[in-house]
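K.L.:
Supplied structure: target10.txt, compact mmCIF, C-alpha atoms and all ligand atoms.
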```txt
# COMPACT_ATOMS: atom_id res chain seq x y z
CA MET C 1 46.65 0.41 -32.84
CA ARG C 2 49.08 2.46 -30.82
CA THR C 3 47.09 5.62 -31.46
CA VAL C 4 43.92 3.96 -30.25
CA LEU C 5 45.66 2.82 -27.07
CA ILE C 6 47.01 6.28 -26.37
CA ALA C 7 43.64 7.85 -27.04
CA THR C 8 41.98 5.36 -24.69
CA LEU C 9 44.49 6.04 -21.94
CA ALA C 10 44.06 9.78 -22.39
CA LEU C 11 40.31 9.36 -22.15
CA LEU C 12 40.58 7.26 -18.99
CA ALA C 13 42.95 9.79 -17.42
CA ALA C 14 40.56 12.61 -18.24
CA CYS C 15 37.65 10.70 -16.70
CA SER C 16 39.43 9.84 -13.49
CA SER C 17 41.11 13.20 -12.89
CA GLU C 18 38.08 15.38 -13.41
CA PRO C 19 34.83 13.97 -12.08
CA ASP C 20 31.82 14.97 -14.11
CA PRO C 21 29.49 17.44 -12.45
CA ALA C 22 26.08 15.93 -11.71
CA PRO C 23 24.30 15.69 -15.03
CA LYS C 24 21.32 17.94 -15.47
CA PRO C 25 18.59 15.63 -16.65
CA SER C 26 16.03 17.12 -18.90
CA GLY C 27 12.45 16.59 -17.77
CA ALA C 28 13.58 16.06 -14.16
CA LEU C 29 10.86 15.26 -11.64
CA GLN C 30 9.57 18.27 -9.78
CA PRO C 31 7.78 18.31 -6.42
CA VAL C 32 4.07 18.90 -6.73
CA SER C 33 1.37 19.55 -4.21
CA ILE C 34 -2.07 18.03 -4.37
CA THR C 35 -5.14 18.56 -2.26
CA LEU C 36 -6.99 15.38 -1.47
CA PRO C 37 -10.78 15.47 -1.41
CA ALA C 38 -12.28 15.64 2.07
CA GLU C 39 -13.08 12.28 3.64
CA THR C 40 -16.85 12.02 3.63
CA ALA C 41 -17.44 8.46 4.80
CA ALA C 42 -17.18 7.42 8.41
CA LEU C 43 -17.29 4.05 10.06
CA PRO C 44 -20.44 3.63 12.13
CA ASP C 45 -20.28 4.35 15.83
CA THR C 46 -20.98 0.70 16.67
CA PRO C 47 -18.85 -2.15 18.06
CA ALA C 48 -18.15 -3.30 14.48
CA GLY C 49 -17.09 0.19 13.43
CA THR C 50 -14.81 0.47 16.45
CA VAL C 51 -13.09 -2.85 15.67
CA LEU C 52 -12.39 -1.73 12.12
CA SER C 53 -11.21 1.70 13.27
CA GLN C 54 -8.74 0.02 15.57
CA HIS C 55 -7.36 -2.47 13.07
CA CYS C 56 -7.74 -1.10 9.57
CA THR C 57 -7.71 2.70 9.47
CA ALA C 58 -3.96 3.01 9.98
CA CYS C 59 -3.73 2.17 6.28
CA HIS C 60 -7.23 2.52 4.82
CA SER C 61 -9.77 5.33 4.84
CA PRO C 62 -13.31 4.68 6.08
CA ASP C 63 -14.36 5.30 2.46
CA PHE C 64 -12.20 2.43 1.28
CA LEU C 65 -13.54 0.11 3.97
CA THR C 66 -17.22 0.95 3.46
CA ARG C 67 -17.11 0.70 -0.35
CA GLN C 68 -15.81 -2.83 -0.67
CA PRO C 69 -17.93 -5.37 -2.54
CA VAL C 70 -20.06 -7.50 -0.24
CA MET C 71 -18.17 -10.67 0.66
CA THR C 72 -18.76 -13.79 2.71
CA ALA C 73 -17.03 -14.31 6.06
CA GLU C 74 -14.79 -16.86 4.37
CA LYS C 75 -13.57 -14.32 1.80
CA TRP C 76 -13.11 -11.66 4.45
CA GLN C 77 -11.08 -14.12 6.49
CA ALA C 78 -8.71 -14.54 3.56
CA THR C 79 -8.44 -10.76 3.11
CA VAL C 80 -7.77 -10.11 6.79
CA THR C 81 -5.12 -12.83 6.89
CA LYS C 82 -3.56 -11.31 3.78
CA MET C 83 -3.47 -7.90 5.49
CA ARG C 84 -1.58 -9.43 8.39
CA GLU C 85 0.78 -11.71 6.48
CA ALA C 86 1.47 -9.74 3.27
CA TYR C 87 1.11 -6.15 4.45
CA HIS C 88 2.07 -6.54 8.12
CA ALA C 89 -1.12 -5.05 9.51
CA PRO C 90 -0.58 -4.93 13.28
CA ILE C 91 -3.11 -7.65 14.11
CA THR C 92 -2.72 -11.13 15.54
CA PRO C 93 -4.51 -14.30 14.45
CA ALA C 94 -6.52 -14.04 17.68
CA ASP C 95 -7.92 -10.66 16.52
CA GLU C 96 -9.15 -12.05 13.23
CA PRO C 97 -12.53 -13.60 14.20
CA ALA C 98 -13.73 -10.28 15.67
CA ILE C 99 -12.50 -8.37 12.61
CA VAL C 100 -14.19 -10.77 10.18
CA ALA C 101 -17.42 -10.58 12.18
CA ALA C 102 -17.20 -6.78 12.14
CA LEU C 103 -16.76 -6.72 8.36
CA VAL C 104 -19.73 -9.03 7.79
CA THR C 105 -21.85 -6.96 10.20
CA LEU C 106 -20.79 -3.75 8.47
CA GLN C 107 -21.92 -5.08 5.10
CA GLY C 108 -25.07 -6.83 6.26
CA ALA C 109 -25.70 -10.43 5.31
CA PRO C 110 -23.60 -11.44 2.30
CA PRO C 111 -25.44 -12.83 -0.71
CA ALA C 112 -26.23 -16.55 -0.62
CA ARG C 113 -23.89 -18.65 -2.71
C1 LIG D 1 -0.33 -2.02 7.41
C2 LIG D 1 -1.24 -1.47 6.46
C3 LIG D 1 -2.57 -2.16 6.30
C4 LIG D 1 -3.51 -2.42 7.27
C5 LIG D 1 -3.46 -2.10 8.76
C6 LIG D 1 -4.64 -3.00 6.58
N1 LIG D 1 -4.37 -3.09 5.23
FE1 LIG D 1 -5.67 -3.65 3.78
N2 LIG D 1 -4.28 -3.31 2.36
C7 LIG D 1 -3.02 -2.85 2.59
C8 LIG D 1 -2.30 -2.79 1.34
C9 LIG D 1 -0.85 -2.31 1.15
C10 LIG D 1 -3.19 -3.22 0.36
C11 LIG D 1 -2.93 -3.36 -1.14
C12 LIG D 1 -3.26 -2.05 -1.79
C13 LIG D 1 -3.12 -2.13 -3.29
O1 LIG D 1 -2.91 -3.21 -3.83
O2 LIG D 1 -3.25 -1.06 -3.91
C14 LIG D 1 -4.44 -3.52 1.02
C15 LIG D 1 -5.59 -3.93 0.36
C16 LIG D 1 -6.80 -4.16 0.98
C17 LIG D 1 -8.02 -4.54 0.30
C18 LIG D 1 -8.18 -4.67 -1.22
C19 LIG D 1 -8.29 -6.09 -1.63
C20 LIG D 1 -7.03 -6.88 -1.47
O3 LIG D 1 -7.17 -8.05 -1.08
O4 LIG D 1 -5.92 -6.37 -1.74
C21 LIG D 1 -8.99 -4.70 1.25
C22 LIG D 1 -10.45 -5.10 1.04
C23 LIG D 1 -8.35 -4.44 2.53
N3 LIG D 1 -7.03 -4.10 2.33
C24 LIG D 1 -9.02 -4.51 3.74
C25 LIG D 1 -8.40 -4.33 4.98
C26 LIG D 1 -9.08 -4.52 6.25
C27 LIG D 1 -10.52 -4.97 6.42
C28 LIG D 1 -8.17 -4.20 7.22
C29 LIG D 1 -8.36 -4.28 8.71
C30 LIG D 1 -8.37 -5.62 9.25
C31 LIG D 1 -6.93 -3.84 6.56
N4 LIG D 1 -7.11 -3.93 5.20
C32 LIG D 1 -5.79 -3.41 7.21
C33 LIG D 1 -2.49 -2.47 3.81
C34 LIG D 1 -3.12 -2.60 5.02
```
As structure tokens, what does this structure read like?
P.N.:
Amino acid sequence: MRTVLIATLALLAACSSEPDPAPKPSGALQPVSITLPAETAALPDTPAGTVLSQHCTACHSPDFLTRQPVMTAEKWQATVTKMREAYHAPITPADEPAIVAALVTLQGAPPAR
């Protein structure tokens, strides 16, 4: 028992007096460089396109915005509110009707339900 205690104290003393050098992890992450494909989509040069450029392209590419599945105004409303509340998109509730209208216009008439 005494030997174990002495060995433990010796170990603790060794740990505290000589800090370990930073471990060298194997398989450490390395910086990489990637080239993104060129953006090919653009929002239309219309009032609807301008509204979406102003409110959505800080976070999303035009590609992303123009390739969404066609949705009703009601569903877009929920998405736009989610962007504001969950992801802190810099829009106010007062901006939302114009944004929803722009999304519906961009997609054409949504399918009848
Ligand atoms: C502040 C950044 C930000 C802004 C501005 C923003 N979004 Fe998003 N959006 C996000 C994030 C983050 C996600 C989630 C991405 C993921 O899950 O991979 C997302 C997801 C989405 C999705 C995928 C479906 C979903 O519900 O998650 C759609 C569609 C979308 N955004 C549309 C819009 C539209 C339209 C606008 C303009 C009104 C907008 N976003 C503005 C950050 C933003």
K.L.:
Would you give me, as a Markdown table, each residue of chain C having an atom within 12 Å of an atom of ligand LIG 1 (chain D), along with its shortest atom pair and that distance in Å to one decimal, using all atoms listed in the file and sorting by chain and residue number?
P.N.:
```
| residue | atom | partner | partner_atom | distance |
| --- | --- | --- | --- | --- |
| C:Leu43 | CA | D:LIG1 | C27 | 11.9 |
| C:Ala48 | CA | D:LIG1 | C27 | 11.2 |
| C:Gly49 | CA | D:LIG1 | C29 | 10.9 |
| C:Thr50 | CA | D:LIG1 | C29 | 11.1 |
| C:Val51 | CA | D:LIG1 | C30 | 8.4 |
| C:Leu52 | CA | D:LIG1 | C29 | 5.9 |
| C:Ser53 | CA | D:LIG1 | C29 | 8.0 |
| C:Gln54 | CA | D:LIG1 | C29 | 8.1 |
| C:His55 | CA | D:LIG1 | C29 | 4.8 |
| C:Cys56 | CA | D:LIG1 | C29 | 3.4 |
| C:Thr57 | CA | D:LIG1 | C5 | 6.5 |
| C:Ala58 | CA | D:LIG1 | C5 | 5.3 |
| C:Cys59 | CA | D:LIG1 | C2 | 4.4 |
| C:His60 | CA | D:LIG1 | N1 | 6.3 |
| C:Ser61 | CA | D:LIG1 | N4 | 9.6 |
| C:Pro62 | CA | D:LIG1 | C27 | 10.1 |
| C:Asp63 | CA | D:LIG1 | C22 | 11.2 |
| C:Phe64 | CA | D:LIG1 | C22 | 7.7 |
| C:Leu65 | CA | D:LIG1 | C27 | 6.4 |
| C:Thr66 | CA | D:LIG1 | C22 | 9.4 |
| C:Arg67 | CA | D:LIG1 | C22 | 8.9 |
| C:Gln68 | CA | D:LIG1 | C22 | 6.1 |
| C:Pro69 | CA | D:LIG1 | C22 | 8.3 |
| C:Val70 | CA | D:LIG1 | C22 | 10.0 |
| C:Met71 | CA | D:LIG1 | C22 | 9.5 |
| C:Ala73 | CA | D:LIG1 | C27 | 11.4 |
| C:Lys75 | CA | D:LIG1 | O3 | 9.4 |
| C:Trp76 | CA | D:LIG1 | C27 | 7.4 |
| C:Gln77 | CA | D:LIG1 | C27 | 9.2 |
| C:Ala78 | CA | D:LIG1 | O3 | 8.1 |
| C:Thr79 | CA | D:LIG1 | O3 | 5.1 |
| C:Val80 | CA | D:LIG1 | C30 | 5.2 |
| C:Thr81 | CA | D:LIG1 | C30 | 8.3 |
| C:Lys82 | CA | D:LIG1 | O3 | 6.9 |
| C:Met83 | CA | D:LIG1 | N1 | 4.9 |
| C:Arg84 | CA | D:LIG1 | C6 | 7.3 |
| C:Glu85 | CA | D:LIG1 | C1 | 9.8 |
| C:Ala86 | CA | D:LIG1 | C9 | 8.1 |
| C:Tyr87 | CA | D:LIG1 | C33 | 5.2 |
| C:His88 | CA | D:LIG1 | C1 | 5.2 |
| C:Ala89 | CA | D:LIG1 | C1 | 3.8 |
| C:Pro90 | CA | D:LIG1 | C5 | 6.1 |
| C:Ile91 | CA | D:LIG1 | C30 | 7.4 |
| C:Thr92 | CA | D:LIG1 | C30 | 10.1 |
| C:Pro93 | CA | D:LIG1 | C30 | 10.8 |
| C:Asp95 | CA | D:LIG1 | C30 | 8.9 |
| C:Glu96 | CA | D:LIG1 | C30 | 7.6 |
| C:Pro97 | CA | D:LIG1 | C30 | 10.3 |
| C:Ala98 | CA | D:LIG1 | C30 | 9.6 |
| C:Ile99 | CA | D:LIG1 | C30 | 6.0 |
| C:Val100 | CA | D:LIG1 | C27 | 7.8 |
| C:Ala101 | CA | D:LIG1 | C27 | 10.6 |
| C:Ala102 | CA | D:LIG1 | C27 | 9.0 |
| C:Leu103 | CA | D:LIG1 | C27 | 6.8 |
| C:Val104 | CA | D:LIG1 | C27 | 10.2 |
| C:Leu106 | CA | D:LIG1 | C27 | 10.5 |
| C:Gln107 | CA | D:LIG1 | C27 | 11.5 |
```
K.L.:
Using atom CA of C:Gly108 and atom CA of C:Glu74 as the two end points, give the distance in Å to one decimal.
P.N.:
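Computing it gives 14.5 Å between the two atoms.
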K.L.:
From the list C:Thr35, C:Thr105, C:Thr46, C:Ser26, which residue is nearest C:Thr72 when using all atoms listed in the file?
P.N.:
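Nearest candidate to C:Thr72 out of C:Thr35, C:Thr105, C:Thr46, C:Ser26: C:Thr105.
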K.L.:
Quick one: 4 Å padding each side, axis-aligned, all listed atoms of stretch 97-102 of chain C - centre and edge lengths in Å to one decimal, as AutoDock Vina command-line options?
P.N.:
```
--center_x -15.0 --center_y -10.2 --center_z 12.9 --size_x 12.9 --size_y 14.8 --size_z 13.5
```
